[in-house]
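Participant: One structure is given below, represented as structure tokens, and several questions about it will come after.
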Amino acid sequence: MQLTDQYKVISAIKEAGNVKRFFPSEFGNDVDRNHAVDEGKKIFDDKAQIRRTIEDLGIPHTYVVANFFTRHFLPTWSDLGATTGSMDTIIILGDGNTKVVLNTEEDIATYTIRTVDDPRTLNKILYIRPPANTLSYNDLVSLWEKKNGKILKRDYVPEEQLLKYIKESSFPINMGLSICHAAYVKGDHTNYEIKPSFGVEASELYPDVKYTTLDKFFDDNNACTPFYLNQLIHINDI
């Protein structure tokens with residue numbers, strides 16, 4: 001991870017003195033409001049420190065909290081390959097009822113571009129949390145089942161067991177599990193209120209943007225699946 005290279009960019013921005021808006025490498029969970037452990041915590045702590053440096057130097061900025069990218073966290077059958085074992089069983093963290101947010105890369109880009117010269121997002125956090133893309137993992141699986149005419153066996157991984165997996169796994173598996181633990185178990189996409197003092201929500205700020213709902217995403221991308229976690233945890237290990 002080359003996160004620390006951003007300090008060179010920050011120094012150059014400060015020296016130039018004419019940069020109107022800086023968008024640091026974020027586009028995931030809110031690093032100031034997280035419950036990540038292990039490698040995930042380390043990455044989020046590094047990003048949080050970059051935020052503090054930007055703020056201390058008075059650099060105009062917008063932090064984009066895009067939560068999860070659909071094409072990464074909803075892999076295709078070809079992405080999955082032979083790494084996931086049985087396609088009849090899906091792994092779910094915790095009880096599967098915690099709400100998470102998934103957005104298409106195109107929508108994330110659209111919302112980000114809209115903020116560039118918008119004074120309402122200056123020195124704020126832009127949260128991309130559209131209502132139709134905010135749902136539990138159980139609901140996500142049910143949506144996919146409905147679209148594909150299948151019923152999957154659901155294997156739930158308790159938090160205690162998940163933390164054990166994180167501790168025993170090597171990089172980058174431990175990082176992926178840590179970030180998923182923060183979102184799918186701790187609820188770090190939705191467990192706080194977006195307050196005007198620090199942030200704005202993209203779909204409310206730009207209601208004219210017709211974002212892609214997860215329902216529409218699965219219609220247009222029928223090869224995509226909710227089997228992401230099957231790549232990180234083997235069914236036989238549960």
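For the structure tokens, the naming scheme is as follows: chains receive sequential letters (A, B, ...) according to their order of presentation, residues are indexed from 1 within each chain, and ligands are indexed from 1 in presentation order.
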Check the DSSP output for the backbone and give back, as a ChimeraX atom specification, the residues of range 5-223 of chain A in strand (DSSP E).
Facilitator: /A:62-65,68-69,89-93,99-103,124-127,134-136,153-157,199-201
Participant: Would you mind listing what lies within 12 Å of Thr53 in chain A as a list in words, with only C-alpha atoms counted and same-chain residues fewer than 3 positions away left out?
Facilitator: Thr4, Gln6, Tyr7, Lys8, Val9, Ile10, Ser11, Lys14, Pro24, Asp46, Lys47, Ala48, Gln49, Ile50, Asp56, Leu57, Gly58, Ile59, Pro60 and His61 of chain A
Participant: Quick one: everything within 12 Å of Met87 in chain A, counting only C-alpha atoms, minus sequence neighbours fewer than 5 positions away in the same chain. Send it as a list in words.
Facilitator: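 Skipping anything fewer than 5 positions along the chain leaves Trp77, Leu80, Gly81, Ala82, Lys150, Ile151, Leu152, Lys153, Arg154, Thr225, Pro226, Phe227, Tyr228, Asn230, Gln231, His234 and Ile235 of chain A.
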Participant: Could you write out that same residue set with N, CA, C and O atoms as a short mmCIF file (atom, residue, chain, number, x, y, z; two decimals), in the first residue's frame?
Facilitator:
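Done, and the output landed in selection36.cif:
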```cif
data_model
loop_
_atom_site.label_atom_id
_atom_site.label_comp_id
_atom_site.auth_asym_id
_atom_site.auth_seq_id
_atom_site.Cartn_x
_atom_site.Cartn_y
_atom_site.Cartn_z
N TRP A 77 -18.44 -14.98 -11.69
CA TRP A 77 -18.06 -16.39 -11.60
C TRP A 77 -16.60 -16.58 -12.02
O TRP A 77 -15.87 -17.35 -11.40
N LEU A 80 -14.17 -15.59 -9.35
CA LEU A 80 -14.11 -16.54 -8.25
C LEU A 80 -13.25 -17.76 -8.58
O LEU A 80 -12.52 -18.27 -7.74
N GLY A 81 -13.33 -18.22 -9.83
CA GLY A 81 -12.53 -19.37 -10.22
C GLY A 81 -12.85 -20.58 -9.38
O GLY A 81 -13.99 -20.87 -9.04
N ALA A 82 -11.80 -21.28 -8.97
CA ALA A 82 -11.97 -22.52 -8.18
C ALA A 82 -11.68 -22.30 -6.71
O ALA A 82 -11.48 -23.25 -5.96
N LYS A 150 -32.41 -19.31 -7.46
CA LYS A 150 -31.70 -20.29 -6.66
C LYS A 150 -31.89 -20.02 -5.17
O LYS A 150 -32.15 -18.88 -4.77
N ILE A 151 -31.74 -21.06 -4.37
CA ILE A 151 -31.76 -20.92 -2.92
C ILE A 151 -30.43 -21.47 -2.39
O ILE A 151 -30.06 -22.61 -2.67
N LEU A 152 -29.71 -20.63 -1.66
CA LEU A 152 -28.39 -21.01 -1.16
C LEU A 152 -28.46 -21.42 0.31
O LEU A 152 -29.29 -20.91 1.07
N LYS A 153 -27.60 -22.34 0.68
CA LYS A 153 -27.41 -22.65 2.09
C LYS A 153 -26.55 -21.54 2.69
O LYS A 153 -25.53 -21.16 2.10
N ARG A 154 -26.94 -21.01 3.83
CA ARG A 154 -26.22 -19.90 4.43
C ARG A 154 -25.43 -20.37 5.65
O ARG A 154 -26.01 -20.87 6.61
N THR A 225 -21.92 -11.98 -8.35
CA THR A 225 -22.44 -12.84 -7.29
C THR A 225 -22.14 -12.23 -5.91
O THR A 225 -21.29 -11.36 -5.78
N PRO A 226 -22.80 -12.75 -4.87
CA PRO A 226 -22.50 -12.30 -3.50
C PRO A 226 -21.50 -13.21 -2.78
O PRO A 226 -21.47 -13.26 -1.56
N PHE A 227 -20.67 -13.94 -3.55
CA PHE A 227 -19.78 -14.95 -2.97
C PHE A 227 -18.41 -14.41 -2.56
O PHE A 227 -17.48 -15.20 -2.39
N TYR A 228 -18.28 -13.13 -2.39
CA TYR A 228 -16.96 -12.54 -2.08
C TYR A 228 -16.30 -13.20 -0.87
O TYR A 228 -15.10 -13.52 -0.89
N ASN A 230 -16.60 -16.09 0.32
CA ASN A 230 -16.18 -17.47 0.09
C ASN A 230 -14.73 -17.56 -0.38
O ASN A 230 -14.10 -18.61 -0.27
N GLN A 231 -14.20 -16.43 -0.90
CA GLN A 231 -12.79 -16.40 -1.31
C GLN A 231 -11.86 -16.29 -0.11
O GLN A 231 -10.70 -16.67 -0.18
N HIS A 234 -12.83 -20.61 3.81
CA HIS A 234 -13.24 -21.86 3.20
C HIS A 234 -14.38 -22.49 3.99
O HIS A 234 -14.36 -22.54 5.22
N ILE A 235 -15.37 -22.96 3.26
CA ILE A 235 -16.56 -23.52 3.89
C ILE A 235 -16.20 -24.68 4.83
O ILE A 235 -16.76 -24.80 5.93
#
```
Participant: Between A:Asp188, A:Asp219, A:Asp107, A:Glu193, single out the one closest to Ala36 in chain A, counting only C-alpha atoms.
Facilitator: A:Asp188
Participant: List the neighbours of Ile233 in chain A out to 9 Å using only C-alpha atoms; skip same-chain residues closer than 6 positions along the sequence, and give me the result as an MDAnalysis selection string.
Facilitator: chainID A and resid 84 91 165 173 177
Participant: Taking 5 positions as the minimum chain separation for residues in the same chain, which residues sit within 12 Å of Val31 in chain A when counting only C-alpha atoms? Answer as an MDAnalysis selection string.
Facilitator: chainID A and resid 25:26 36 40:52 63:67 125 179 182:183 188:189
Participant: So how far away is CA of Arg71 in chain A from CA of Thr104 in chain A, in Å?
Facilitator: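 CA of Thr104 in chain A sits 7.1 Å away from CA of Arg71 in chain A.
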Participant: Could you check which of A:Asp5, A:Glu39, A:Asp215, A:Asp88 is closest to Asp139 in chain A, using only C-alpha atoms?
Facilitator: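 Closest to Asp139 in chain A of all the choices is A:Asp215.
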Participant: Between A:Ile54, A:Val37, A:Leu229, A:Leu214, single out the one closest to Leu143 in chain A, counting only C-alpha atoms.
Facilitator: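 Distance minimum relative to Leu143 in chain A lands on A:Leu214.
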Participant: Using only C-alpha atoms, which residues sit within 12 Å of Tyr211 in chain A once same-chain residues fewer than 3 positions away are excluded, as a ChimeraX atom specification?
Facilitator: /A:102-111,128-133,202-204,206-208,214-217
Participant: How would the residues just picked look written out with C-alpha atoms as an mmCIF file, in the first residue's frame?
Facilitator:
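What landed in again.cif:
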```
data_model
loop_
_atom_site.group_PDB
_atom_site.id
_atom_site.type_symbol
_atom_site.label_atom_id
_atom_site.label_comp_id
_atom_site.auth_asym_id
_atom_site.auth_seq_id
_atom_site.Cartn_x
_atom_site.Cartn_y
_atom_site.Cartn_z
ATOM 1 C CA LEU A 102 -22.484 -1.021 -2.157
ATOM 2 C CA ASN A 103 -22.079 1.408 -5.065
ATOM 3 C CA THR A 104 -21.012 1.082 -8.678
ATOM 4 C CA GLU A 105 -17.672 2.560 -9.641
ATOM 5 C CA GLU A 106 -19.401 4.734 -12.245
ATOM 6 C CA ASP A 107 -21.740 6.284 -9.683
ATOM 7 C CA ILE A 108 -18.873 6.899 -7.275
ATOM 8 C CA ALA A 109 -17.007 8.722 -10.044
ATOM 9 C CA THR A 110 -20.089 10.762 -10.977
ATOM 10 C CA TYR A 111 -20.722 11.930 -7.438
ATOM 11 C CA ILE A 128 -22.246 7.854 -0.845
ATOM 12 C CA ARG A 129 -25.042 6.067 0.989
ATOM 13 C CA PRO A 130 -28.064 5.864 -1.366
ATOM 14 C CA PRO A 131 -31.107 4.198 0.228
ATOM 15 C CA ALA A 132 -31.626 1.530 -2.454
ATOM 16 C CA ASN A 133 -28.027 0.353 -2.068
ATOM 17 C CA ALA A 202 -24.423 12.258 -2.076
ATOM 18 C CA SER A 203 -27.857 11.063 -3.219
ATOM 19 C CA GLU A 204 -29.518 13.781 -1.126
ATOM 20 C CA TYR A 206 -27.464 15.526 -5.988
ATOM 21 C CA PRO A 207 -30.988 14.074 -6.405
ATOM 22 C CA ASP A 208 -30.732 14.525 -10.195
ATOM 23 C CA LEU A 214 -28.412 -3.031 -6.624
ATOM 24 C CA ASP A 215 -31.601 -4.430 -8.133
ATOM 25 C CA LYS A 216 -30.687 -2.863 -11.487
ATOM 26 C CA PHE A 217 -27.018 -3.806 -11.080
#
```
Participant: As a PyMOL selection string, please: all residues of range 7-128 of chain A that backbone DSSP puts in helix (DSSP H, G or I).
Facilitator: chain A and resi 7-16+38-56+70-73+77-80+105-115+119-121
Participant: Have a look at A:Thr190, A:Asn148, A:Ser142, A:Thr115 and name the one nearest to Lys99 in chain A; count only C-alpha atoms.
Facilitator: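 Using only C-alpha atoms, Lys99 in chain A sits closest to A:Thr190.
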Participant: Please report the interatomic distance between CA of Ser136 in chain A and CA of Thr70 in chain A in Å with one decimal.
Facilitator: 14.3 Å
Participant: Name all residues at most 12 Å from Asn191 in chain A (count only C-alpha atoms; drop same-chain ones fewer than 6 positions away) and give them as a PDB file with N, CA, C and O atoms, in the first residue's frame.
Facilitator:
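The resulting file, out39.pdb, is reproduced below:
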```
ATOM      1  N   ASN A  29     -14.467   2.827   3.664  1.00  0.00           N
ATOM      2  CA  ASN A  29     -15.104   3.147   4.944  1.00  0.00           C
ATOM      3  C   ASN A  29     -14.639   4.502   5.440  1.00  0.00           C
ATOM      4  O   ASN A  29     -13.584   4.997   5.034  1.00  0.00           O
ATOM      5  N   ASP A  30     -15.409   5.095   6.358  1.00  0.00           N
ATOM      6  CA  ASP A  30     -14.976   6.339   6.996  1.00  0.00           C
ATOM      7  C   ASP A  30     -13.895   5.986   8.021  1.00  0.00           C
ATOM      8  O   ASP A  30     -14.177   5.340   9.038  1.00  0.00           O
ATOM      9  N   ARG A  33     -14.413   6.805  11.715  1.00  0.00           N
ATOM     10  CA  ARG A  33     -15.553   6.175  12.395  1.00  0.00           C
ATOM     11  C   ARG A  33     -15.532   4.685  12.068  1.00  0.00           C
ATOM     12  O   ARG A  33     -16.335   4.198  11.272  1.00  0.00           O
ATOM     13  N   ASN A  34     -14.589   3.988  12.669  1.00  0.00           N
ATOM     14  CA  ASN A  34     -14.439   2.588  12.304  1.00  0.00           C
ATOM     15  C   ASN A  34     -14.091   1.728  13.520  1.00  0.00           C
ATOM     16  O   ASN A  34     -13.603   2.227  14.533  1.00  0.00           O
ATOM     17  N   HIS A  35     -14.363   0.440  13.382  1.00  0.00           N
ATOM     18  CA  HIS A  35     -14.055  -0.540  14.418  1.00  0.00           C
ATOM     19  C   HIS A  35     -13.177  -1.657  13.863  1.00  0.00           C
ATOM     20  O   HIS A  35     -13.252  -2.802  14.294  1.00  0.00           O
ATOM     21  N   THR A  98     -26.733  -6.772   9.609  1.00  0.00           N
ATOM     22  CA  THR A  98     -26.148  -5.431   9.650  1.00  0.00           C
ATOM     23  C   THR A  98     -26.180  -4.818   8.251  1.00  0.00           C
ATOM     24  O   THR A  98     -25.807  -5.466   7.271  1.00  0.00           O
ATOM     25  N   LYS A  99     -26.601  -3.578   8.162  1.00  0.00           N
ATOM     26  CA  LYS A  99     -26.717  -2.935   6.851  1.00  0.00           C
ATOM     27  C   LYS A  99     -25.362  -2.405   6.368  1.00  0.00           C
ATOM     28  O   LYS A  99     -24.611  -1.794   7.131  1.00  0.00           O
ATOM     29  N   VAL A 100     -25.096  -2.673   5.089  1.00  0.00           N
ATOM     30  CA  VAL A 100     -23.888  -2.183   4.432  1.00  0.00           C
ATOM     31  C   VAL A 100     -24.301  -1.421   3.172  1.00  0.00           C
ATOM     32  O   VAL A 100     -25.476  -1.397   2.806  1.00  0.00           O
ATOM     33  N   VAL A 101     -23.320  -0.794   2.515  1.00  0.00           N
ATOM     34  CA  VAL A 101     -23.591   0.017   1.330  1.00  0.00           C
ATOM     35  C   VAL A 101     -22.682  -0.429   0.194  1.00  0.00           C
ATOM     36  O   VAL A 101     -21.472  -0.545   0.383  1.00  0.00           O
ATOM     37  N   ARG A 129     -24.217   7.025   0.251  1.00  0.00           N
ATOM     38  CA  ARG A 129     -25.042   6.067   0.989  1.00  0.00           C
ATOM     39  C   ARG A 129     -26.481   6.111   0.466  1.00  0.00           C
ATOM     40  O   ARG A 129     -27.421   6.421   1.207  1.00  0.00           O
ATOM     41  N   THR A 134     -28.414   0.347   0.302  1.00  0.00           N
ATOM     42  CA  THR A 134     -28.099   0.125   1.709  1.00  0.00           C
ATOM     43  C   THR A 134     -28.966  -1.022   2.215  1.00  0.00           C
ATOM     44  O   THR A 134     -30.182  -0.879   2.361  1.00  0.00           O
ATOM     45  N   ALA A 182     -15.468  -5.024   9.956  1.00  0.00           N
ATOM     46  CA  ALA A 182     -15.886  -3.669  10.331  1.00  0.00           C
ATOM     47  C   ALA A 182     -17.228  -3.304   9.712  1.00  0.00           C
ATOM     48  O   ALA A 182     -18.080  -2.678  10.359  1.00  0.00           O
ATOM     49  N   ALA A 183     -17.436  -3.710   8.459  1.00  0.00           N
ATOM     50  CA  ALA A 183     -18.673  -3.347   7.770  1.00  0.00           C
ATOM     51  C   ALA A 183     -19.819  -4.294   8.091  1.00  0.00           C
ATOM     52  O   ALA A 183     -20.907  -3.869   8.498  1.00  0.00           O
ATOM     53  N   TYR A 184     -19.589  -5.597   7.912  1.00  0.00           N
ATOM     54  CA  TYR A 184     -20.671  -6.577   7.992  1.00  0.00           C
ATOM     55  C   TYR A 184     -21.055  -6.964   9.414  1.00  0.00           C
ATOM     56  O   TYR A 184     -22.172  -7.430   9.651  1.00  0.00           O
ATOM     57  N   VAL A 185     -20.138  -6.780  10.356  1.00  0.00           N
ATOM     58  CA  VAL A 185     -20.444  -7.136  11.747  1.00  0.00           C
ATOM     59  C   VAL A 185     -20.625  -5.887  12.603  1.00  0.00           C
ATOM     60  O   VAL A 185     -21.627  -5.740  13.310  1.00  0.00           O
TER      61      VAL A 185
END
```
Participant: In Å to one decimal, how far is CA of Thr76 in chain A from CA of Ala223 in chain A?
Facilitator: 5.0 Å
Participant: Which residue out of A:Thr121, A:Thr62, A:Gln2, A:Asn97 has the minimum interatomic distance to Pro196 in chain A when only C-alpha atoms are used?
Facilitator: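 Nearest candidate to Pro196 in chain A out of A:Thr121, A:Thr62, A:Gln2, A:Asn97: A:Thr121.
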